[in-house]
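Student: To start, I am sharing the structure in question, which I have written as structure tokens.
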Amino acid sequence: MSVDQLREIFHSIAGVLVWPVLVGMLLLAAWVLFSLGTFAREWLSRGRGQRSSLQCERESLYEIERRVADKNELELELEEVLMTAQRRRARVLTRTKIAIRLGPSLGLMGTLIPMADALQGLAEGNMPALASNMVTAFAATVIGLSISVIAYLMTAVREGWMRADSDSLDLFAERLLLSRSVDGAHSS
């Protein structure tokens, strides 16, 4: 097999990948825009002092504290709620962290594949093909980086929210345990 045959195989593979890459970028961009809307709604809610998920988790902790009599069992059940809340928040962050990496990767692929066709158009003197492929290449770069920047900013802010909510929930659980200890000491 010659080097020219290998080049032709690589070019064919890249040609097949161009559509999945571009469609993937469009889907990822749509998902990031949807996530941005969700993020904006949460931002506004938090600005008004409303943290509905945190309130639901606090109510769950309080319900467990009322229901469970044994202190050791109470500690375990409270810890389980705290861990579940932590995992739920981490899943939200994981999705945007994937977009942070995937956006530039797809953008680079969406840039390089059309660049090969653009260079081929240049070699053949086909200026319209060159221009069309260059426009696609640059658009892919901009979209991929935009996806990454938006996802990064959402992730950075949500990480702060996550830490604050986790700290608040941990403190609430500690207060419940402490109140149980104090109540137990007074009833003795």
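Scheme for the structure tokens: letters A, B, ... for chains in order shown; per-chain residue numbers from 1; ligand numbers from 1 in order shown.
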Find the nearest atom pair between each residue of region 88-173 of chain A and region 37-48 of chain A for residues within 10 Å, count only C-alpha atoms, give distances in Å to one decimal, sort rows by chain and ascending number, and present the table as a tab-separated table.

Tutor:
```
residue	atom	partner	partner_atom	distance
A:Met154	CA	A:Phe39	CA	7.1
A:Thr155	CA	A:Phe39	CA	9.7
A:Val157	CA	A:Trp43	CA	9.3
A:Arg158	CA	A:Phe39	CA	8.5
A:Trp161	CA	A:Arg46	CA	9.3
```

Student: Export, as a PDB file, in the first residue's frame, the selected residues with N, CA and C atoms.

Tutor:
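The resulting file, again24.pdb, is shown below:
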```pdb
ATOM      1  N   MET A 154     -20.808  28.506  33.345  1.00  0.00           N
ATOM      2  CA  MET A 154     -21.897  27.901  34.115  1.00  0.00           C
ATOM      3  C   MET A 154     -21.345  26.945  35.177  1.00  0.00           C
ATOM      4  N   THR A 155     -20.347  26.162  34.807  1.00  0.00           N
ATOM      5  CA  THR A 155     -19.755  25.208  35.741  1.00  0.00           C
ATOM      6  C   THR A 155     -19.089  25.921  36.916  1.00  0.00           C
ATOM      7  N   VAL A 157     -19.719  28.869  38.220  1.00  0.00           N
ATOM      8  CA  VAL A 157     -20.719  29.445  39.131  1.00  0.00           C
ATOM      9  C   VAL A 157     -21.439  28.331  39.886  1.00  0.00           C
ATOM     10  N   ARG A 158     -21.811  27.273  39.179  1.00  0.00           N
ATOM     11  CA  ARG A 158     -22.532  26.170  39.838  1.00  0.00           C
ATOM     12  C   ARG A 158     -21.667  25.459  40.881  1.00  0.00           C
ATOM     13  N   TRP A 161     -22.136  27.463  43.921  1.00  0.00           N
ATOM     14  CA  TRP A 161     -23.451  27.182  44.484  1.00  0.00           C
ATOM     15  C   TRP A 161     -23.458  25.824  45.169  1.00  0.00           C
TER      16      TRP A 161
END
```

Student: Can you build me a table of region 148-188 of chain A residues sitting at most 9 Å from region 81-102 of chain A, with the closest atom pair per residue and its distance in Å to one decimal, using only C-alpha atoms, sorted by chain and residue number, as a tab-separated table?

Tutor:
```
residue	atom	partner	partner_atom	distance
A:Ser148	CA	A:Ile100	CA	4.2
A:Val149	CA	A:Ile100	CA	7.1
A:Ile150	CA	A:Ile100	CA	8.2
A:Ala151	CA	A:Thr96	CA	5.3
A:Tyr152	CA	A:Ile100	CA	5.8
A:Met154	CA	A:Thr96	CA	7.5
A:Thr155	CA	A:Leu93	CA	6.0
A:Arg158	CA	A:Leu93	CA	7.2
A:Glu159	CA	A:Leu93	CA	7.4
A:Met162	CA	A:Arg89	CA	6.6
A:Ser166	CA	A:Gln86	CA	7.0
A:Leu169	CA	A:Leu82	CA	7.3
A:Asp170	CA	A:Leu82	CA	7.2
A:Ala173	CA	A:Leu82	CA	8.4
```

Student: Take the residues from that selection and put them in a file with C-alpha atoms, as a PDB file, in the first residue's frame.

Tutor:
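Written out: result-v7.pdb:
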```pdb
ATOM      1  CA  SER A 148     -16.777  25.651  25.898  1.00  0.00           C
ATOM      2  CA  VAL A 149     -16.745  29.191  27.305  1.00  0.00           C
ATOM      3  CA  ILE A 150     -20.447  29.169  28.169  1.00  0.00           C
ATOM      4  CA  ALA A 151     -20.215  25.704  29.740  1.00  0.00           C
ATOM      5  CA  TYR A 152     -17.110  26.735  31.710  1.00  0.00           C
ATOM      6  CA  MET A 154     -21.897  27.901  34.115  1.00  0.00           C
ATOM      7  CA  THR A 155     -19.755  25.208  35.741  1.00  0.00           C
ATOM      8  CA  ARG A 158     -22.532  26.170  39.838  1.00  0.00           C
ATOM      9  CA  GLU A 159     -19.490  24.795  41.673  1.00  0.00           C
ATOM     10  CA  MET A 162     -22.814  23.494  45.069  1.00  0.00           C
ATOM     11  CA  SER A 166     -23.552  21.393  50.577  1.00  0.00           C
ATOM     12  CA  LEU A 169     -27.080  21.189  54.218  1.00  0.00           C
ATOM     13  CA  ASP A 170     -24.227  19.704  56.279  1.00  0.00           C
ATOM     14  CA  ALA A 173     -27.880  18.033  59.497  1.00  0.00           C
TER      15      ALA A 173
END
```

Student: Find the residues around Gly103 (chain A) up to 8 Å (only C-alpha atoms counted), leave out those fewer than 4 positions away in its own chain, and share them as an NGL selection string.

Tutor: :A and (25 or 28 or 99 or 107 or 143-148)

Student: Could you please determine the separation between CA of Asp117 (chain A) and CA of Leu6 (chain A) in Å, to one decimal place?

Tutor: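 Those two atoms sit 16.6 Å apart.
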